[in-house]
Amino acid sequence: MGVAIPLTMIAASALIRPSVPEQGKRAVYESGEVPTGNTRIRFNIQYYMVALLFVVFDIETVLIFPWTVIYRDAVTQFGLARALLPMLGFIGVLVVGLAWAWRNGAVRWVRSEHVPGQTAD
Amino acid sequence: MMPLQAPISPDWLALTPAIVLGVFAMVLFLLDSIDPDESNDGLLAGVATVGTASAMVVAGVFLLSGVGAGEGVSVFNGQLVVDGMALFFTFIFTSVAALICLASIEYLAGTDDIAGYYSLVVLATTGMTVMAAANSLATVFVSLELLSLPSYGLVAYLKNDRGSVEAGMKYFLIGALSSAVFAYGISLVYGVTGSLLLPDIASALAGGETLANLGGLLGVGVLMLVGGFAFKTASVPFHFWAPEAYEGAPAPVSAFLSSASKAAGFVIAFRVFTVAFPIETVAGTIDWVLAFQILAVVTMTLGNFAAATQENVKRMLAYSSVGHAGYVLIGLAALTGQGSGEIVLGAGMIHLLVYGFMNTGAFLFVAMAEYWEVGRTFEDYNGLATKAPVACVAMTVFMFSLAGLPIGGGFLSKYYLFAGAVGAGVWWLAGVAAINSALSLFYYSRVVKAMWLEEPNGNLGGIDTRGYPTGLYSAVMIAAVATVLLLPALGVFSDVAFEAANAVLRLGP
Amino acid sequence: MMIEALIGLCLLGAGVVMFTPDRYAAKVAFGWSLLPLALSGLMLLNFDGTGNALLGGTLAFEEQFTWITLGPYDLSWHVGLDGISMPLVALSTLLTSLAILSAWTPITKRQNQFYGLVLLLEASLVGVFAALDFFLYFVFWEAVLIPMYFLVGIWGGARRKYAAIKFFVYTNIASLVLFIGFFGLVFGLGDSISSLDLPEIAQALRAGELGSLAGGLIGPELLALSAFVAMFIGFGVKVPIVPFHTWLPDAHVEAPTPISVLLAGVLLKMGTYALLRFNFTMLPEVARSLAVPIAALAVISVIYGALLALGQSDLKRVVAYSSVSSMGYVILGLVAYTSYGLGGATFQMVSHGLISGLMFACVGVIYNVTHTREIGDMAGIAERMPLTVGAFVAGAFAYAGLPLMAGFAAEFFIFVGAFQSTVIAGNGMAVMTALAMFGIVIVAGYLLWAMQRSLFGPFEFDGDYDVTRAARHDVVPLVVLIIVIIALGTFPDDTFFRMITDAVGPLVDGGPAEAAIGSGGGSS
């Protein structure tokens with residue numbers, strides 16, 4: 001029954017609505033701007049690289065923030081080593097990752113010379 | 001290594017294998033950061049091999065010196081527990097990973113970003129190691145993802161090879177789906193029992209009230225967990241990715257996935273179901289033993305029958321790996337409460353250990369054949385023994401050991417699994433397994449037949465021109481020797497395996 | 001340490017021969033195979049075992065230490081010989097040496113691999129007969145398959161690949177069936193055993209310790225019955241008993257002749273030996289209660305094997321089917337459950353091993369020269385190859401049961417034992433035995449006809465080959481076999497029969513002299 005109702009409505013509207021095919025309806029919607037080109041373009045891989053690095057820092061912030069809030073209490077309760085070292089280790093792992101990504105050119109912005117116009121900006 | 005006392009102090013030192021692996025992954029990154037353009041293959045492979053091998057040694061020493069004896073060492077408020085089972089599986093993972101690292105040197109020659117490959121392998125191994133120790137559904141999930149994400153990258157590693165990329169894509173999609181299912185299952189279990197810690201789940205269920213009220217919901221959750229395990233272990237119904245991924249992936253990665261990653265799936269399945277849902281408590285509501293019996297039968301039958309119809313050796317091995325997942329599932333499917341559960345569970349663990357060597361070896365032999373550009377089908381292997389007799393002896397050992405002939409440790413573990421099934425009163429399961437085992441002999445012997453009985457096709461020139469790949473060849477040989485030695489020397493591991501199985505089974509109620 | 005040394009020698013020899021250049025492999029292998037032969041001869045002379053290995057007898061050359069502990073059960077390296085296994089070990093080493101010798105002519109390619117595998121096979125065969133722990137036994141039992149697969153598959157005839165895989169899969173399925181059956185018994189015994197030691201299991205079973213399985217669903221009687229049937233099928237394939245015999249002609253015909261010698265001579269005996277050790281020793285009551293169907297199967301094997309032999313024109317097939325027939329007698333002797341029956345059956349294992357080895361070797365020698373085995377393709381070979389043909393005739397007569405030859409002694413004992421037997425009410429066994437005797441008549445008659453047709457008469461041969469005297473090293477095995485056959489037939493007691501009856505005696509409550517009368521009831 002729960003499925004039948006929407007299906008009936010869809011079927012009914014499909015039967016009785018007017019059909020007016022028009023150019024504008026099939027065009028790409030780009031926030032009201034006049035669209036340039038179609039949607040099937042390839043974004044530069046470097047966007048993804050930056051996005052991935054962003055995720056790393058995103059997570060880092062999420063974890064560091066509560067840690068700083070309780071840091072003072074934690075030091076008094078467990079001592080400096082147990083409060084600080086694990087976080088340093090965590091940041092250290094991230095730094096190693098970042099350094100590796102940096103050295104391997106993840107943040108170097110290169111224009112592709114083979115296919116002009118592929119870098120969509 | 002100092003003589004180790006049973007409860008190791010401080011506690012977290014029990015995680016040494018995982019820490020070693022993590023540190024070595026970082027070292028690989030640092031090495032590559034120094035000079036990323038100049039790829040020093042030998043050094044990177046060496047570091048990765050040393051890292052995994054030293055983790056293996058630590059795990060072995062811990063295992064034999066009784067660090068994880070009894071209930072094991074509980075770390076981080078019970079989130080992780082390092083017991084016999086965890087160390088046993090850690091040993092399997094690290095030994096396979098060491099073989100893979102050793103074997104990849106020549107196979108990857110010519111591809112760029114070697115450091116990425118090795119660090120992914122080491123990170124995935126770290127994930128498995130943590131999985132083996134995971135004692136809460138949260139750590140299970142996190143470590144599962146730590147294993148899965150590098151695996152996707154590894155499968156698609158040959159980025160200019162269409163097969164590899166396609167395989168990576170399929171693996172990733174099915175993996176993401178099953179991860180989602182798994183996470184949903186975890187949330188349902190948490191909703192019913194109010195805890196993620198496996199022992200706490202068991203005690204929440206112990207009274208029977210929760211089961212009576214919310215049994216249906218929990219049942220759905222458990223079924224979803226089964227789905228997650230089925231994906232990792234390449235069992236029905238989430239096995240579709242296996243043949244595609246194994247065929248397309250670089251052969252060492254196929255070896256890694258089909259041996260170590262499968263074992264990792266099993267270790268959490270073993271632990272979650274025996275500890276969190278002891279069958280004595282939940283039998284009335286959620287008969288997961290029955291579910292695993294069905295899965296075991298379907299998995300082994302499907303795997304073996306599909307393997308029998310393949311023409312491509314790597315695909316055959318992929319399906320046979322599905323079939324072996326079915327055998328190991330007996331380890332859970334025969335925990336009927338009759339007979340002694342430790343026999344089947346322990347035998348399942350031992351089978352995974354032996355399988356780690358023999359299956360890795362078989363895939364590495366395929367890698368060697370690919371290196372020689374021999375070809376991929378059974379016919380392409382014709383007469384290989386005339387050119388490379390010693391390597392073919394090794395492959396024969398792998399094939400016959402996989403088939404369960406007494407030339408390697410696979411014989412004992414497989415037959416002990418069957419025996420355990422008989423002892424648990426599930427004769428029919430042992431019967432189906434026996435039929436499958438006999439069938440498997442047919443297709444394994446096709447490889448042997450091609451290598452030894454047939455005449456060469458004239459496609460073996462690569463052996464002369466390319467020579468023997470040192471690292472790959474020695475990895476195959478090490479795997480062969482280990483497979484053979486595990487027959488007489490299985491006693492070294494069988495004691496700890498049965499003890500570990502016993503300890504895990506006793507944790508439940 | 002004698003048995004370990006024997007197995008070790010064979011394995012070491014296999015390793016050495018594999019790495020010997022092809023030119024020397026044959027001679028090195030033969031020379032090396034004399035070492036285990038000599039050692040087993042020495043063991044035979046120093047044999048000091050008494051009683052049955054499984055029923056508390058004193059074992060010769062016994063060694064035991066724990067190998068692996070798998071859960072509640074210890075697996076151990078436990079080997080030892082009694083009066084049943086000693087003759088079979090001797091038979092294995094003798095036939096291996098002779099088979100290697102008879103392989104000199106026909107085997108021309110990849111010789112080092114061939115002889116290495118033969119020695120590997122010998123190690124497994126000795127292991128099968130010496131092992132007294134189930135898992136150890138099973139390891140050797142299955143290990144036999146591996147060299148056999150290659151030996152048939154690489155050096156066999158035209159359809160060798162098909163024959164090899166058929167043999168392989170067929171016997172592997174059988175092994176799995178018997179494995180499951182046996183483990184049903186093991187778990188049925190529950191806590192009353194702590195290892196997979198065969199003597200321990202046999203004694204526990206005979207003491208009536210068998211419990212039920214699957215939570216009482218399968219009671220002791222049903223368990224014993226189904227385990228018996230499963231093991232009977234598993235071992236019966238190897239024997240082979242008639243419904244399970246179809247792999248045998250393929251394997252025999254396609255195998256190279258030296259391997260046929262070993263296959264018929266020793267491998268088939270693994271099946272009957274196992275039946276004696278497992279089914280008839282461990283579950284005597286079930287064996288008695290199933291006497292009628294088993295005896296019927298035995299008689300069917302005898303008659304049907306003989307009739308199939310009649311239909312063949314290939315000499316090797318004739319001999320192969322006659323093996324099916326002969327192994328039927330062994331089963332008949334076993335099921336009679338008298339001292340003479342069991343002893344005769346064991347003696348028949350040895351004597352048939354020698355006789356069929358001899359006949360296969362003869363066919364092989366003839367084939368080496370003529371390159372055909374079809375009865376119709378040749379005539380009067382005797383003119384050119386008097387020694388070989390003589391040996392063949394001797395083999396046929398031995399088969400037919402000519403007195404003073406091993407076949408006569410064995411069949412005589414079996415028939416005496418079967419006539420005495422009371423396992424079937426009334427004169428059932430006597431009738432069965434009388435029926436089985438027809439088998440001998442049929443095969444013997446057919447063999448004589450075939451020999452007359454192809455070996456005697458005026459010489460006639462269509463092939464392009466020059467039919468001449470066989471090489472000396474081809475004839476030596478034949479002569480040796482004939483000598484041994486006559487020795488066994490003339491002095492059965494002094495060679496093996498006393499040893500055998502001593503070992504099978506404890507199976508039939510009374511001593512060796514007392515036969516059927518006191519055998520009812522078992523020991524429960």
# chains A, B, ... in the order shown; residues from 1 in each chain; ligands from 1
call {"tool": "interface_residues", "arguments": {"of": "chain C", "to": "chain B", "cutoff": "7 Å", "atoms": "only C-alpha atoms", "output": "list of chain:residue names"}}
result
C:Trp67, C:Ile68, C:Thr69, C:Leu70, C:Gly71, C:Val139, C:Glu142, C:Ala143, C:Gly153, C:Ile154, C:Val169, C:Asn172, C:Ile173, C:Leu176, C:Ile180, C:Phe183, C:Gly184, C:Phe187, C:Leu213, C:Ala214
call {"tool": "write_last_selection", "arguments": {"atoms": "N, CA and C atoms", "output": "compact mmCIF listing (two decimals), in the first residue's frame"}}
result
# COMPACT_ATOMS: atom_id res chain seq x y z
N TRP C 67 54.49 -37.06 17.78
CA TRP C 67 54.85 -36.21 16.65
C TRP C 67 54.14 -34.87 16.80
N ILE C 68 52.85 -34.89 16.79
CA ILE C 68 52.08 -33.66 16.88
C ILE C 68 50.93 -33.91 17.84
N THR C 69 50.64 -32.92 18.65
CA THR C 69 49.44 -33.03 19.46
C THR C 69 48.38 -32.15 18.82
N LEU C 70 47.34 -32.79 18.37
CA LEU C 70 46.26 -32.01 17.75
C LEU C 70 45.06 -32.10 18.67
N GLY C 71 44.88 -31.05 19.46
CA GLY C 71 43.75 -31.07 20.38
C GLY C 71 43.86 -32.25 21.33
N VAL C 139 49.21 -40.59 5.90
CA VAL C 139 50.21 -39.81 5.17
C VAL C 139 50.86 -40.68 4.11
N GLU C 142 48.41 -41.80 1.25
CA GLU C 142 48.16 -40.80 0.24
C GLU C 142 49.44 -40.47 -0.53
N ALA C 143 50.58 -40.58 0.16
CA ALA C 143 51.84 -40.23 -0.50
C ALA C 143 52.12 -41.18 -1.66
N GLY C 153 51.56 -40.94 -15.62
CA GLY C 153 51.26 -39.80 -16.48
C GLY C 153 52.38 -39.43 -17.44
N ILE C 154 53.63 -39.61 -17.03
CA ILE C 154 54.73 -39.19 -17.91
C ILE C 154 55.20 -40.34 -18.80
N VAL C 169 42.12 -39.37 -9.01
CA VAL C 169 40.88 -38.87 -8.41
C VAL C 169 40.09 -40.01 -7.77
N ASN C 172 41.67 -41.03 -4.57
CA ASN C 172 41.59 -39.96 -3.59
C ASN C 172 40.20 -39.87 -2.98
N ILE C 173 39.18 -40.04 -3.80
CA ILE C 173 37.82 -40.03 -3.25
C ILE C 173 37.67 -41.16 -2.25
N LEU C 176 39.13 -40.31 1.03
CA LEU C 176 38.32 -39.39 1.82
C LEU C 176 37.18 -40.14 2.51
N ILE C 180 36.69 -40.34 6.61
CA ILE C 180 35.51 -39.91 7.37
C ILE C 180 34.98 -41.08 8.19
N PHE C 183 37.22 -41.64 11.18
CA PHE C 183 37.11 -40.62 12.23
C PHE C 183 35.76 -40.68 12.94
N GLY C 184 34.75 -41.24 12.26
CA GLY C 184 33.52 -41.53 12.98
C GLY C 184 33.81 -42.44 14.16
N PHE C 187 35.80 -40.58 17.01
CA PHE C 187 35.01 -39.72 17.88
C PHE C 187 33.97 -40.53 18.64
N LEU C 213 27.38 -41.12 18.51
CA LEU C 213 27.88 -39.89 17.93
C LEU C 213 26.70 -38.96 17.67
N ALA C 214 27.00 -37.70 17.47
CA ALA C 214 25.99 -36.69 17.16
C ALA C 214 24.89 -36.67 18.21
call {"tool": "interface_residues", "arguments": {"of": "chain B", "to": "chain A", "cutoff": "10 Å", "atoms": "only C-alpha atoms", "output": "list of chain:residue names"}}
result
B:Gly22, B:Val23, B:Ala25, B:Met26, B:Val27, B:Leu28, B:Phe29, B:Leu30, B:Leu31, B:Asp32, B:Ser33, B:Ile34, B:Asp35, B:Pro36, B:Asp37, B:Asp113, B:Gly116
call {"tool": "select_by_dssp", "arguments": {"residues": "chain A", "states": "alpha helix (DSSP H)", "output": "PyMOL selection string"}}
result
chain A and resi 4-16+23-26+45-78+80-103
call {"tool": "residues_around", "arguments": {"residues": "Val81 (chain B)", "least_positions_apart": "5", "cutoff": "7 Å", "atoms": "only C-alpha atoms", "output": "VMD selection string"}}
result
chain B and resid 72 to 75 133 to 135
call {"tool": "residues_around", "arguments": {"residues": "Asp474 (chain C)", "least_positions_apart": "3", "cutoff": "7 Å", "atoms": "only C-alpha atoms", "output": "PyMOL selection string"}}
result
chain C and resi 101-102+365+470-471+477
call {"tool": "residues_around", "arguments": {"residues": "region 461-469 of chain B", "least_positions_apart": "2", "cutoff": "9 Å", "atoms": "only C-alpha atoms", "output": "PyMOL selection string"}}
result
chain B and resi 103+105-107+368-369+371-374+387-388+458-459+471-474
call {"tool": "residues_around", "arguments": {"residues": "Ala379 (chain C)", "least_positions_apart": "3", "cutoff": "8 Å", "atoms": "only C-alpha atoms", "output": "PyMOL selection string"}}
result
chain C and resi 376+453-461
call {"tool": "atom_distance", "arguments": {"atom1": "CA of Ala425 (chain C)", "atom2": "CA of Leu332 (chain C)"}}
result
15.6 Å
